[in-house]
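So this block is structure.cif, mmCIF, C-alpha atoms:
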```cif
data_final
#
loop_
_atom_site.label_atom_id
_atom_site.label_comp_id
_atom_site.auth_asym_id
_atom_site.auth_seq_id
_atom_site.Cartn_x
_atom_site.Cartn_y
_atom_site.Cartn_z
CA MET A 28 -118.03 1.32 -154.37
CA SER A 29 -118.31 3.30 -157.58
CA ALA A 30 -121.37 2.93 -159.80
CA LYS A 31 -119.10 1.57 -162.54
CA ARG A 32 -117.74 -1.14 -160.26
CA VAL A 33 -121.23 -2.05 -159.05
CA GLU A 34 -122.27 -2.60 -162.66
CA VAL A 35 -119.23 -4.81 -163.28
CA VAL A 36 -120.06 -6.91 -160.21
CA HIS A 37 -123.74 -7.18 -161.16
CA ALA A 38 -122.83 -8.12 -164.73
CA CYS A 39 -120.67 -10.95 -163.38
CA ALA A 40 -123.62 -12.24 -161.34
CA ARG A 41 -126.03 -11.89 -164.26
CA THR A 42 -123.77 -14.08 -166.39
CA LEU A 43 -124.31 -16.94 -163.95
CA LEU A 44 -128.06 -16.25 -163.73
CA GLU A 45 -128.32 -16.36 -167.52
CA GLN A 46 -126.23 -19.54 -167.66
CA TYR A 47 -128.80 -21.28 -165.46
CA ALA A 48 -131.81 -19.56 -167.06
CA VAL A 49 -133.01 -18.25 -163.70
CA LYS A 50 -136.65 -17.22 -164.11
CA SER A 51 -138.03 -17.64 -160.58
CA PRO A 52 -136.82 -17.80 -156.96
CA GLY A 53 -136.84 -21.59 -157.13
CA ASP A 54 -134.18 -21.49 -159.85
CA ILE A 55 -131.66 -19.85 -157.48
CA ARG A 56 -129.90 -23.02 -156.33
CA LEU A 57 -126.80 -21.85 -154.50
CA GLU A 58 -125.37 -25.28 -153.67
CA LEU A 59 -125.66 -26.28 -157.34
CA PHE A 60 -123.92 -23.06 -158.41
CA ALA A 61 -121.18 -23.75 -155.86
CA ALA A 62 -120.52 -27.28 -157.11
CA GLU A 63 -120.84 -26.74 -160.86
CA CYS A 64 -119.41 -23.25 -161.31
CA PHE A 65 -116.79 -23.02 -158.59
CA ASN A 66 -115.93 -26.63 -157.69
CA ALA A 67 -116.84 -25.70 -154.13
CA LYS A 68 -118.12 -27.95 -151.37
CA VAL A 69 -120.60 -26.42 -148.91
CA GLU A 70 -120.64 -27.66 -145.33
CA THR A 71 -121.72 -26.56 -141.86
CA GLY A 72 -119.47 -26.47 -138.82
CA PRO A 73 -118.07 -24.45 -135.92
CA ILE A 74 -116.27 -21.21 -136.82
CA ASP A 75 -114.75 -18.86 -134.27
CA GLY A 76 -115.46 -15.17 -134.80
CA ALA A 77 -117.07 -15.48 -138.23
CA GLU A 78 -120.31 -16.52 -139.91
CA ALA A 79 -118.70 -18.18 -142.94
CA GLN A 80 -115.28 -19.29 -144.12
CA LEU A 81 -113.87 -19.90 -147.57
CA VAL A 82 -110.88 -22.23 -147.95
CA ARG A 83 -109.12 -22.80 -151.26
CA ARG A 84 -106.96 -25.82 -152.01
CA GLY A 85 -105.70 -25.62 -155.54
CA LYS A 86 -108.68 -25.57 -157.87
CA ARG A 87 -111.05 -26.75 -155.16
CA ALA A 88 -112.80 -24.73 -152.49
CA THR A 89 -114.72 -25.42 -149.29
CA ILE A 90 -117.28 -23.02 -147.89
CA THR A 91 -118.11 -23.57 -144.24
CA LEU A 92 -121.23 -21.94 -142.82
CA ALA A 93 -121.20 -21.38 -139.07
CA ASP A 94 -123.41 -23.91 -137.31
CA ARG A 95 -124.59 -21.28 -134.83
CA VAL A 96 -126.32 -19.40 -137.69
CA THR A 97 -129.59 -21.30 -138.11
CA ASP A 98 -131.75 -18.73 -139.89
CA GLU A 99 -132.15 -19.88 -143.50
CA ALA A 100 -132.13 -16.36 -144.93
CA ALA A 101 -128.87 -15.56 -143.14
CA ARG A 102 -127.29 -18.82 -144.26
CA ARG A 103 -128.25 -18.17 -147.88
CA PHE A 104 -126.81 -14.66 -147.77
CA ASN A 105 -123.59 -15.96 -146.20
CA LEU A 106 -123.25 -18.62 -148.90
CA ALA A 107 -123.99 -16.16 -151.72
CA HIS A 108 -121.39 -13.79 -150.25
CA GLU A 109 -118.69 -16.49 -150.27
CA LEU A 110 -119.60 -17.46 -153.83
CA GLY A 111 -119.14 -13.78 -154.68
CA HIS A 112 -115.54 -13.97 -153.50
CA LEU A 113 -114.99 -16.93 -155.81
CA ALA A 114 -116.79 -15.40 -158.78
CA LEU A 115 -114.87 -12.13 -158.47
CA GLU A 116 -111.58 -13.96 -157.86
CA HIS A 117 -110.78 -12.07 -154.68
CA PRO A 118 -107.46 -12.97 -153.08
CA THR A 119 -107.74 -14.48 -149.61
CA ALA A 120 -105.90 -13.13 -146.60
CA ASP A 121 -103.24 -15.84 -146.63
CA ALA A 122 -103.79 -17.14 -150.18
CA SER A 123 -105.77 -20.09 -148.85
CA SER A 124 -108.61 -19.04 -146.54
CA LEU A 125 -110.97 -16.17 -145.79
CA ALA A 126 -113.31 -15.75 -142.82
CA CYS A 127 -116.29 -13.41 -143.25
CA ASN A 128 -119.14 -11.76 -141.40
CA PRO A 129 -121.29 -10.78 -144.40
CA HIS A 130 -124.00 -9.09 -142.32
CA ARG A 131 -121.60 -6.42 -141.13
CA ARG A 132 -122.57 -3.99 -143.83
CA ARG A 133 -119.47 -2.96 -145.78
CA ARG A 134 -119.90 -0.98 -148.95
CA THR A 135 -116.35 -1.02 -150.35
CA GLY A 136 -113.49 -3.43 -150.97
CA PRO A 137 -113.78 -7.18 -151.48
CA GLU A 138 -116.36 -7.62 -148.71
CA GLY A 139 -118.64 -5.00 -150.22
CA GLU A 140 -118.19 -6.47 -153.69
CA ALA A 141 -118.96 -10.02 -152.50
CA SER A 142 -122.18 -8.85 -150.85
CA CYS A 143 -123.11 -6.85 -153.95
CA TRP A 144 -122.63 -9.96 -156.12
CA GLY A 145 -124.61 -12.06 -153.66
CA SER A 146 -127.47 -9.57 -153.59
CA GLU A 147 -127.81 -9.74 -157.38
CA ILE A 148 -127.77 -13.55 -157.28
CA LEU A 149 -130.34 -13.81 -154.50
CA MET A 150 -132.58 -10.99 -155.75
CA PRO A 151 -131.98 -10.71 -159.51
CA THR A 152 -132.68 -7.31 -161.02
CA SER A 153 -134.68 -8.88 -163.83
CA LEU A 154 -137.12 -10.44 -161.35
CA VAL A 155 -137.15 -7.98 -158.46
CA ALA A 156 -136.96 -4.57 -160.16
CA PRO A 157 -140.54 -4.72 -161.51
CA LEU A 158 -141.80 -5.22 -157.94
CA CYS A 159 -140.01 -2.06 -156.82
CA GLN A 160 -141.66 0.30 -159.32
CA VAL A 161 -144.36 1.60 -157.01
CA SER A 162 -146.36 4.80 -156.52
CA THR A 163 -146.14 4.76 -152.71
CA VAL A 164 -143.38 3.45 -150.45
CA ASP A 165 -143.64 1.31 -147.34
CA LEU A 166 -142.24 -2.05 -146.20
CA GLU A 167 -144.84 -4.14 -148.05
CA VAL A 168 -142.64 -4.85 -151.10
CA PRO A 169 -139.48 -5.56 -149.05
CA HIS A 170 -141.56 -8.02 -146.97
CA ARG A 171 -142.74 -9.71 -150.16
CA ILE A 172 -139.20 -9.95 -151.54
CA ALA A 173 -137.92 -11.31 -148.23
CA ARG A 174 -140.62 -14.00 -148.22
CA ASP A 175 -140.40 -15.04 -151.86
CA TYR A 176 -136.59 -15.01 -152.17
CA THR A 177 -135.73 -16.25 -148.66
CA VAL A 178 -133.66 -13.23 -147.67
CA SER A 179 -133.80 -11.03 -144.60
CA ILE A 180 -136.01 -7.96 -144.46
CA LEU A 181 -132.80 -5.93 -144.05
CA ALA A 182 -131.35 -7.30 -147.31
CA SER A 183 -134.62 -6.86 -149.20
CA SER A 184 -135.03 -3.29 -147.95
CA ILE A 185 -131.55 -2.38 -149.17
CA ARG A 186 -132.30 -4.01 -152.50
CA PHE A 187 -135.57 -2.08 -152.73
CA THR A 188 -133.72 1.24 -152.37
CA GLU A 189 -131.35 0.17 -155.15
CA LEU A 190 -134.12 -0.67 -157.62
CA THR A 191 -137.09 1.59 -156.88
CA ASN A 192 -138.10 4.68 -158.85
CA GLN A 193 -138.98 6.52 -155.63
CA ARG A 194 -136.93 8.70 -153.27
CA CYS A 195 -136.54 6.61 -150.15
CA ALA A 196 -134.12 5.41 -147.51
CA ALA A 197 -133.87 2.29 -145.37
CA VAL A 198 -132.45 3.12 -141.95
CA PHE A 199 -131.39 0.49 -139.40
CA THR A 200 -131.07 1.65 -135.81
CA VAL A 201 -129.93 -0.20 -132.69
CA ASP A 202 -130.11 1.13 -129.13
CA GLY A 203 -131.16 4.54 -130.39
CA LYS A 204 -128.36 5.07 -132.95
CA VAL A 205 -128.16 4.73 -136.73
CA ILE A 206 -126.10 1.67 -137.68
CA TRP A 207 -126.51 1.98 -141.44
CA CYS A 208 -128.58 3.78 -144.04
CA ALA A 209 -129.22 2.75 -147.66
CA VAL A 210 -130.68 5.41 -149.95
CA SER A 211 -132.22 5.39 -153.40
CA LYS A 212 -131.15 7.51 -156.33
CA GLY A 213 -132.33 11.04 -155.89
CA TRP A 214 -132.71 10.85 -152.11
CA GLY A 215 -130.02 13.50 -151.83
CA LYS A 216 -129.88 13.78 -148.05
CA GLU A 217 -127.41 12.30 -145.59
CA ILE A 218 -128.39 10.33 -142.50
CA PRO A 219 -125.04 9.84 -140.75
CA LYS A 220 -123.92 6.59 -139.19
CA TYR A 221 -124.17 6.65 -135.38
CA MET A 222 -126.54 9.62 -135.45
CA PRO A 223 -128.81 9.46 -132.38
CA VAL A 224 -132.42 8.74 -133.27
CA ARG A 225 -134.43 11.94 -132.98
CA SER A 226 -137.53 12.20 -130.83
CA ALA A 227 -139.94 13.09 -133.66
CA SER A 228 -139.21 9.85 -135.55
CA VAL A 229 -141.29 6.69 -135.33
CA ALA A 230 -138.16 4.70 -134.49
CA PHE A 231 -137.68 6.80 -131.37
CA GLN A 232 -140.96 5.43 -129.98
CA TYR A 233 -139.46 1.97 -129.71
CA HIS A 234 -136.03 3.00 -128.48
CA ALA A 235 -137.62 5.18 -125.77
CA THR A 236 -140.55 3.01 -124.67
CA GLY A 237 -140.12 -0.50 -126.08
CA GLU A 238 -143.35 -0.09 -128.05
CA LEU A 239 -143.84 0.72 -131.74
CA ASP A 240 -146.77 1.73 -133.92
CA GLU A 241 -146.03 -0.23 -137.10
CA ARG A 242 -148.39 1.78 -139.32
CA ILE A 243 -146.91 4.12 -141.92
CA GLN A 244 -146.87 7.63 -140.45
CA ALA A 245 -146.02 11.19 -141.42
CA VAL A 246 -143.13 12.66 -139.45
CA PRO A 247 -141.40 16.05 -139.65
CA ALA A 248 -138.59 16.01 -142.20
CA ASP A 249 -136.19 17.14 -139.50
CA ALA A 250 -136.93 13.95 -137.56
CA TRP A 251 -134.31 12.39 -139.82
CA LEU A 252 -132.80 15.16 -141.95
CA ASP A 253 -130.89 18.33 -141.21
CA THR A 254 -133.37 20.81 -142.62
CA THR A 255 -135.36 23.83 -141.53
CA ALA A 256 -138.08 23.23 -144.11
CA ASP A 257 -141.64 22.90 -142.82
CA ALA A 258 -142.33 19.55 -144.48
CA GLU A 259 -143.15 15.95 -143.64
CA ILE A 260 -141.84 12.65 -144.92
CA LEU A 261 -143.37 9.19 -144.43
CA GLU A 262 -141.90 6.55 -142.12
CA HIS A 263 -142.87 2.89 -141.92
CA ALA A 264 -141.02 1.07 -139.14
CA ILE A 265 -140.78 -2.43 -137.70
CA CYS A 266 -138.84 -3.57 -134.64
CA ALA A 267 -136.90 -6.63 -133.55
CA PRO A 268 -136.94 -6.64 -129.73
CA LYS A 269 -134.38 -9.46 -129.56
CA TYR A 270 -131.81 -7.16 -131.17
CA ARG A 271 -133.16 -3.86 -129.76
CA SER A 272 -133.39 -2.67 -133.34
CA VAL A 273 -135.74 -0.82 -135.68
CA LEU A 274 -135.85 -0.82 -139.46
CA SER A 275 -137.42 2.35 -140.86
CA MET A 276 -138.36 2.87 -144.49
CA LEU A 277 -138.50 6.58 -145.21
CA TRP A 278 -140.31 8.01 -148.24
CA MET A 279 -139.89 11.46 -149.69
CA PRO A 280 -142.74 12.07 -152.18
CA GLU A 281 -141.92 14.25 -155.18
CA GLU A 282 -143.70 17.34 -153.84
CA ILE A 283 -141.79 17.06 -150.58
CA ALA A 284 -138.48 16.62 -152.37
CA THR A 285 -139.17 19.91 -154.16
CA VAL A 286 -139.68 21.68 -150.85
CA LEU A 287 -136.57 20.15 -149.27
CA SER A 288 -134.41 21.09 -152.25
CA ARG A 289 -135.08 24.79 -151.82
CA PRO A 290 -132.20 26.80 -150.33
#
```
Just give me the structure of the file as structure tokens.
Amino acid sequence: MSAKRVEVVHACARTLLEQYAVKSPGDIRLELFAAECFNAKVETGPIDGAEAQLVRRGKRATITLADRVTDEAARRFNLAHELGHLALEHPTADASSLACNPHRRRRTGPEGEASCWGSEILMPTSLVAPLCQVSTVDLEVPHRIARDYTVSILASSIRFTELTNQRCAAVFTVDGKVIWCAVSKGWGKEIPKYMPVRSASVAFQYHATGELDERIQAVPADAWLDTTADAEILEHAICAPKYRSVLSMLWMPEEIATVLSRP
């Protein structure tokens, strides 16, 4: 999604936030937004192959959240995603219904736009950006955002990379491979999807042994990046054994970025 389109989507979300004078996490009342802004009923029920479904009937809409999804953070993200489709007036597949899996990270098209809108609603820039202006990077702020705004640590880590003034990347790995990577402005280095986790990284510890040192640690830059520079970056990682996954927050301090930018 282009930066221009992201701004359009965020501006649409901010209009709603301003309409309801959202000043704190408690003001983000998704069911109220659904009913008053979109004439949408929110319910829970069985859905095959999806986490949420949007059905339109004339000027009315019904959003069904899958009953198998019980985590409150996931349910809120799913609901915000569906409201994003309504707010952005996305056409549905058959002009009446749309089934979604919002947690499958898509960056473009209607699904990416709906998640982008939902992220701004759940973690408003005006409230969250000040928390992200830090001098050092680890997972402390994403944990705080996740707790205070009832979102997942994955969603809050992505949001942190969008709003921070630091060079950093959130990398999600499963079974020893990169599933997605979200980077901040100025990061400037690619971490390809499906790249095998390298042995010098902290994440590799878990994927190789099932154990993880969750302290922030210095690792060689080439543990994650294609570089020959003799430099280190910082990695703070947490694991979710149930999903065989690791979330790593990588930080490239300014002096390291200078070294890595040399030809």
Exercise. Please write as a PyMOL selection string the full residue list that the PyMOL selection byres ((chain A and resi 280) around 10) yields on this file.
Key: chain A and resi 162-164+193-195+259-261+277-279+281-285
Only C-alpha atoms, please: the residues just picked out, written as a PDB file, in the frame of the given file.
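So the final result, stored in again-v4.pdb, reads:
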```pdb
ATOM      1  CA  SER A 162    -146.360   4.800-156.520  1.00  0.00           C
ATOM      2  CA  THR A 163    -146.140   4.760-152.710  1.00  0.00           C
ATOM      3  CA  VAL A 164    -143.380   3.450-150.450  1.00  0.00           C
ATOM      4  CA  GLN A 193    -138.980   6.520-155.630  1.00  0.00           C
ATOM      5  CA  ARG A 194    -136.930   8.700-153.270  1.00  0.00           C
ATOM      6  CA  CYS A 195    -136.540   6.610-150.150  1.00  0.00           C
ATOM      7  CA  GLU A 259    -143.150  15.950-143.640  1.00  0.00           C
ATOM      8  CA  ILE A 260    -141.840  12.650-144.920  1.00  0.00           C
ATOM      9  CA  LEU A 261    -143.370   9.190-144.430  1.00  0.00           C
ATOM     10  CA  LEU A 277    -138.500   6.580-145.210  1.00  0.00           C
ATOM     11  CA  TRP A 278    -140.310   8.010-148.240  1.00  0.00           C
ATOM     12  CA  MET A 279    -139.890  11.460-149.690  1.00  0.00           C
ATOM     13  CA  GLU A 281    -141.920  14.250-155.180  1.00  0.00           C
ATOM     14  CA  GLU A 282    -143.700  17.340-153.840  1.00  0.00           C
ATOM     15  CA  ILE A 283    -141.790  17.060-150.580  1.00  0.00           C
ATOM     16  CA  ALA A 284    -138.480  16.620-152.370  1.00  0.00           C
ATOM     17  CA  THR A 285    -139.170  19.910-154.160  1.00  0.00           C
TER      18      THR A 285
END
```
Quiz item: Taking only C-alpha atoms into account, which of A:Ala62, A:Val168, A:Val35, A:Ala196 comes nearest A:Leu115?
Solution: A:Val35
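Atom CA of A:Arg186 sits 9.1 Å away from atom CA of A:Thr152.
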Practice problem: Could you pull out every residue with an atom within 9 Å of (-130.9, 18.0, -150.4), file coordinates, counting all atoms listed in the file, and send them as a ChimeraX atom specification? | Solution: /A:213-217,254,284,287-290
Pull C-alpha atoms from the residues just selected and write them as a compact mmCIF listing (two decimals), in the coordinates of the input.
```
# COMPACT_ATOMS: atom_id res chain seq x y z
CA GLY A 213 -132.33 11.04 -155.89
CA TRP A 214 -132.71 10.85 -152.11
CA GLY A 215 -130.02 13.50 -151.83
CA LYS A 216 -129.88 13.78 -148.05
CA GLU A 217 -127.41 12.30 -145.59
CA THR A 254 -133.37 20.81 -142.62
CA ALA A 284 -138.48 16.62 -152.37
CA LEU A 287 -136.57 20.15 -149.27
CA SER A 288 -134.41 21.09 -152.25
CA ARG A 289 -135.08 24.79 -151.82
CA PRO A 290 -132.20 26.80 -150.33
```
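Each of A:Pro52, A:Gly85, A:Gly136, A:Gly76 was checked against A:Ser29 using only C-alpha atoms; the smallest atom-to-atom distance is that of A:Gly136.
Coordinates place atom CA of A:Ala197 at a distance of 21.4 Å from atom CA of A:Ala256.
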Practice problem: Quick one: everything within 12 Å of A:Arg32, counting only C-alpha atoms, minus sequence neighbours fewer than 5 positions away in the same chain. Send it as number ranges by chain. | Solution: A: 37-39, 115, 134-137, 139-141, 143-144
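The interatomic distance for the pair atom CA of A:Ser51 and atom CA of A:Ala264 works out to 28.6 Å.
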